[in-house]
Amino acid sequence: MTRLMTILAAALMAFSAQVAAETRIGVVDLRQALFSSNDAQAFSEKLQQDFAGDEAQVREAQEAARKLKDRLEKDGAMMNESERNQLASEFQEKVKEFNFLKQRLDATVNQRKQQFLEGARPEVDVAVKELLEENDLDLILPSEAVVYVKPEMNLTTQLLEKLNQ
């Protein structure tokens with residue numbers, strides 16, 4: 001019985017190795033290709049322009065909070081308790097303002113990035129399908145799922161070229 005299992009296992013391994021040898025697999029780094037594309041560069045520049053004012057507001061709130069904290073640490077020992085409490089209260093309010101502005105900005109930017117990704121998805125899918133056909137591949141895997149790939153099977157550069165057409 002054990003001998004039969006060993007023979008069966010050896011046959012299965014030989015068959016699976018033969019099938020794997022016939023399967024052509026390519027690898028792409030979707031994130032790198034997408035975020036290096038011309039569309040992504042233009043999107044990034046527009047995003048920076050659109051949110052430059054909001055970023056400045058966040059930096060101003062952060063700087064004001066830092067100044068209040070420095071003043072509290074430097075002069076707090078010389079202040080009476082009511083002045084110290086007032087300054088601490090102002091500091092806490094600035095920290096809350098900073099956190100609110102930062103969270104709002106981050107949420108808005110992330111929403112816009114998600115919209116960009118969703119809009120780019122059909123174009124990426126078409127480009128990946130073209131790579132599949134042009135390179136006579138059976139499968140294309142994302143680079144995150146692969147430990148090692150031969151350089152000639154890494155199709156990220158070709159994908160980027162297709163996205164930039």
# chains A, B, ... in the order shown; residues from 1 in each chain; ligands from 1
call {"tool": "residues_around", "arguments": {"residues": "stretch 59-66 of chain A", "least_positions_apart": "4", "cutoff": "7 Å", "atoms": "only C-alpha atoms", "output": "list in words"}}
result
Glu55, Asp70, Phe91, Lys94, Val95, Glu97 and Phe98 of chain A
call {"tool": "select_by_dssp", "arguments": {"residues": "stretch 2-161 of chain A", "states": "strand (DSSP E)", "output": "number ranges by chain"}}
result
A: 25-28, 139-142
call {"tool": "write_last_selection", "arguments": {"atoms": "all heavy atoms", "output": "compact mmCIF listing (two decimals), in the first residue's frame"}}
result
# COMPACT_ATOMS: atom_id res chain seq x y z
N ILE A 25 4.31 32.19 -17.60
CA ILE A 25 3.81 33.14 -16.61
C ILE A 25 4.63 34.42 -16.67
O ILE A 25 5.86 34.38 -16.66
CB ILE A 25 3.89 32.55 -15.19
CG1 ILE A 25 3.06 31.27 -15.11
CG2 ILE A 25 3.42 33.56 -14.16
CD1 ILE A 25 3.22 30.51 -13.82
N GLY A 26 3.94 35.54 -16.71
CA GLY A 26 4.59 36.85 -16.66
C GLY A 26 4.28 37.50 -15.32
O GLY A 26 3.36 37.10 -14.62
N VAL A 27 5.04 38.51 -14.99
CA VAL A 27 4.86 39.22 -13.73
C VAL A 27 4.86 40.72 -14.00
O VAL A 27 5.64 41.20 -14.82
CB VAL A 27 6.01 38.87 -12.74
CG1 VAL A 27 5.92 39.70 -11.47
CG2 VAL A 27 5.97 37.39 -12.41
N VAL A 28 3.95 41.45 -13.34
CA VAL A 28 3.94 42.91 -13.45
C VAL A 28 3.78 43.51 -12.06
O VAL A 28 3.13 42.96 -11.19
CB VAL A 28 2.81 43.43 -14.36
CG1 VAL A 28 3.03 43.03 -15.79
CG2 VAL A 28 1.45 43.00 -13.89
N LEU A 139 -0.60 33.24 -18.00
CA LEU A 139 -0.94 33.85 -16.72
C LEU A 139 -0.02 35.04 -16.46
O LEU A 139 1.16 35.00 -16.80
CB LEU A 139 -0.72 32.79 -15.63
CG LEU A 139 -1.06 33.09 -14.20
CD1 LEU A 139 -2.55 33.29 -14.02
CD2 LEU A 139 -0.59 31.95 -13.31
N ILE A 140 -0.59 36.10 -15.89
CA ILE A 140 0.21 37.23 -15.42
C ILE A 140 -0.11 37.42 -13.94
O ILE A 140 -1.27 37.54 -13.56
CB ILE A 140 -0.08 38.53 -16.20
CG1 ILE A 140 0.37 38.38 -17.66
CG2 ILE A 140 0.62 39.71 -15.54
CD1 ILE A 140 0.15 39.61 -18.51
N LEU A 141 0.94 37.43 -13.14
CA LEU A 141 0.79 37.58 -11.69
C LEU A 141 1.28 38.95 -11.23
O LEU A 141 2.21 39.51 -11.82
CB LEU A 141 1.61 36.50 -10.96
CG LEU A 141 1.19 35.06 -11.16
CD1 LEU A 141 2.21 34.13 -10.51
CD2 LEU A 141 -0.18 34.83 -10.57
N PRO A 142 0.69 39.46 -10.16
CA PRO A 142 1.22 40.70 -9.59
C PRO A 142 2.55 40.40 -8.89
O PRO A 142 2.72 39.33 -8.31
CB PRO A 142 0.15 41.13 -8.59
CG PRO A 142 -0.58 39.88 -8.26
CD PRO A 142 -0.51 39.00 -9.46
call {"tool": "closest_residue", "arguments": {"among": "A:Asn164, A:Gln158, A:Gln114, A:Thr108", "to": "A:Leu132", "atoms": "only C-alpha atoms"}}
result
A:Gln158
call {"tool": "select_by_dssp", "arguments": {"residues": "stretch 14-148 of chain A", "states": "helix (DSSP H, G or I)", "output": "ChimeraX atom specification"}}
result
/A:14-22,30-36,38-50,52-78,81-134,143-145
call {"tool": "closest_residue", "arguments": {"among": "A:Ala88, A:Lys113, A:Leu137, A:Met79", "to": "A:Lys46", "atoms": "only C-alpha atoms"}}
result
A:Lys113
call {"tool": "closest_residue", "arguments": {"among": "A:Leu68, A:Leu87, A:Val147, A:Leu30", "to": "A:Glu123", "atoms": "only C-alpha atoms"}}
result
A:Leu30
call {"tool": "closest_residue", "arguments": {"among": "A:Val58, A:Ser44, A:Lys162, A:Asn110", "to": "A:Val126", "atoms": "only C-alpha atoms"}}
result
A:Lys162
call {"tool": "residues_around", "arguments": {"residues": "A:Val124", "least_positions_apart": "5", "cutoff": "12 Å", "atoms": "only C-alpha atoms", "output": "list of chain:residue names"}}
result
A:Val28, A:Asp29, A:Leu30, A:Arg31, A:Ala33, A:Leu34, A:Phe35, A:Ser37, A:Asp39, A:Phe116, A:Leu117, A:Glu118, A:Gly119, A:Lys129, A:Glu130, A:Leu131, A:Thr156, A:Gln158, A:Leu159, A:Leu160, A:Glu161, A:Lys162, A:Leu163, A:Asn164, A:Gln165
call {"tool": "write_last_selection", "arguments": {"atoms": "N, CA, C and O atoms", "output": "JSON list (two decimals), in the first residue's frame"}}
result
[["chain", "number", "residue", "atom", "x", "y", "z"],
["A", 28, "VAL", "N", 3.95, 41.45, -13.34],
["A", 28, "VAL", "CA", 3.94, 42.91, -13.45],
["A", 28, "VAL", "C", 3.78, 43.51, -12.06],
["A", 28, "VAL", "O", 3.13, 42.96, -11.19],
["A", 29, "ASP", "N", 4.40, 44.66, -11.89],
["A", 29, "ASP", "CA", 4.21, 45.45, -10.68],
["A", 29, "ASP", "C", 3.18, 46.52, -11.05],
["A", 29, "ASP", "O", 3.51, 47.57, -11.59],
["A", 30, "LEU", "N", 1.91, 46.21, -10.81],
["A", 30, "LEU", "CA", 0.82, 47.09, -11.22],
["A", 30, "LEU", "C", 0.94, 48.47, -10.59],
["A", 30, "LEU", "O", 0.74, 49.48, -11.26],
["A", 31, "ARG", "N", 1.27, 48.51, -9.33],
["A", 31, "ARG", "CA", 1.36, 49.78, -8.61],
["A", 31, "ARG", "C", 2.46, 50.67, -9.22],
["A", 31, "ARG", "O", 2.24, 51.85, -9.47],
["A", 33, "ALA", "N", 3.81, 50.48, -12.25],
["A", 33, "ALA", "CA", 3.47, 50.87, -13.61],
["A", 33, "ALA", "C", 2.41, 51.96, -13.61],
["A", 33, "ALA", "O", 2.53, 52.97, -14.31],
["A", 34, "LEU", "N", 1.38, 51.78, -12.81],
["A", 34, "LEU", "CA", 0.29, 52.74, -12.79],
["A", 34, "LEU", "C", 0.74, 54.10, -12.27],
["A", 34, "LEU", "O", 0.47, 55.13, -12.86],
["A", 35, "PHE", "N", 1.47, 54.11, -11.15],
["A", 35, "PHE", "CA", 1.86, 55.37, -10.55],
["A", 35, "PHE", "C", 3.06, 56.03, -11.24],
["A", 35, "PHE", "O", 3.39, 57.17, -10.95],
["A", 37, "SER", "N", 3.02, 56.14, -14.61],
["A", 37, "SER", "CA", 2.46, 56.51, -15.92],
["A", 37, "SER", "C", 2.30, 58.02, -16.03],
["A", 37, "SER", "O", 2.25, 58.75, -15.04],
["A", 39, "ASP", "N", -0.34, 59.62, -17.00],
["A", 39, "ASP", "CA", -1.62, 60.01, -16.41],
["A", 39, "ASP", "C", -1.49, 60.21, -14.90],
["A", 39, "ASP", "O", -2.05, 61.14, -14.34],
["A", 116, "PHE", "N", -9.17, 57.99, -9.03],
["A", 116, "PHE", "CA", -8.19, 57.84, -10.11],
["A", 116, "PHE", "C", -7.94, 56.35, -10.40],
["A", 116, "PHE", "O", -7.92, 55.94, -11.56],
["A", 117, "LEU", "N", -7.74, 55.58, -9.34],
["A", 117, "LEU", "CA", -7.48, 54.14, -9.51],
["A", 117, "LEU", "C", -8.66, 53.45, -10.19],
["A", 117, "LEU", "O", -8.47, 52.63, -11.09],
["A", 118, "GLU", "N", -9.87, 53.77, -9.77],
["A", 118, "GLU", "CA", -11.06, 53.16, -10.37],
["A", 118, "GLU", "C", -11.19, 53.56, -11.83],
["A", 118, "GLU", "O", -11.57, 52.75, -12.67],
["A", 119, "GLY", "N", -10.87, 54.81, -12.15],
["A", 119, "GLY", "CA", -10.93, 55.27, -13.53],
["A", 119, "GLY", "C", -9.86, 54.64, -14.40],
["A", 119, "GLY", "O", -10.07, 54.41, -15.60],
["A", 129, "LYS", "N", -4.17, 42.57, -20.69],
["A", 129, "LYS", "CA", -4.65, 41.56, -21.64],
["A", 129, "LYS", "C", -3.81, 41.59, -22.92],
["A", 129, "LYS", "O", -3.48, 40.54, -23.47],
["A", 130, "GLU", "N", -3.44, 42.79, -23.38],
["A", 130, "GLU", "CA", -2.58, 42.90, -24.56],
["A", 130, "GLU", "C", -1.22, 42.25, -24.30],
["A", 130, "GLU", "O", -0.68, 41.55, -25.16],
["A", 131, "LEU", "N", -0.66, 42.48, -23.11],
["A", 131, "LEU", "CA", 0.62, 41.85, -22.75],
["A", 131, "LEU", "C", 0.50, 40.33, -22.76],
["A", 131, "LEU", "O", 1.40, 39.63, -23.23],
["A", 156, "THR", "N", 6.71, 44.75, -16.30],
["A", 156, "THR", "CA", 6.29, 46.04, -15.76],
["A", 156, "THR", "C", 6.62, 47.18, -16.71],
["A", 156, "THR", "O", 5.78, 48.06, -16.94],
["A", 158, "GLN", "N", 6.98, 47.07, -19.96],
["A", 158, "GLN", "CA", 6.09, 47.00, -21.13],
["A", 158, "GLN", "C", 4.69, 47.50, -20.77],
["A", 158, "GLN", "O", 4.04, 48.17, -21.57],
["A", 159, "LEU", "N", 4.23, 47.18, -19.57],
["A", 159, "LEU", "CA", 2.92, 47.65, -19.12],
["A", 159, "LEU", "C", 2.93, 49.18, -19.02],
["A", 159, "LEU", "O", 1.99, 49.85, -19.46],
["A", 160, "LEU", "N", 3.98, 49.74, -18.48],
["A", 160, "LEU", "CA", 4.09, 51.20, -18.36],
["A", 160, "LEU", "C", 4.05, 51.85, -19.75],
["A", 160, "LEU", "O", 3.38, 52.86, -19.96],
["A", 161, "GLU", "N", 4.76, 51.25, -20.70],
["A", 161, "GLU", "CA", 4.75, 51.79, -22.07],
["A", 161, "GLU", "C", 3.35, 51.77, -22.66],
["A", 161, "GLU", "O", 2.92, 52.73, -23.31],
["A", 162, "LYS", "N", 2.61, 50.71, -22.43],
["A", 162, "LYS", "CA", 1.24, 50.62, -22.92],
["A", 162, "LYS", "C", 0.34, 51.66, -22.26],
["A", 162, "LYS", "O", -0.52, 52.24, -22.91],
["A", 163, "LEU", "N", 0.53, 51.87, -20.97],
["A", 163, "LEU", "CA", -0.29, 52.86, -20.27],
["A", 163, "LEU", "C", 0.02, 54.29, -20.74],
["A", 163, "LEU", "O", -0.84, 55.16, -20.67],
["A", 164, "ASN", "N", 1.24, 54.51, -21.20],
["A", 164, "ASN", "CA", 1.63, 55.84, -21.65],
["A", 164, "ASN", "C", 1.27, 56.12, -23.11],
["A", 164, "ASN", "O", 1.46, 57.23, -23.58],
["A", 165, "GLN", "N", 0.77, 55.12, -23.82],
["A", 165, "GLN", "CA", 0.40, 55.32, -25.23],
["A", 165, "GLN", "C", -0.83, 56.18, -25.35],
["A", 165, "GLN", "O", -1.71, 56.20, -24.58]]
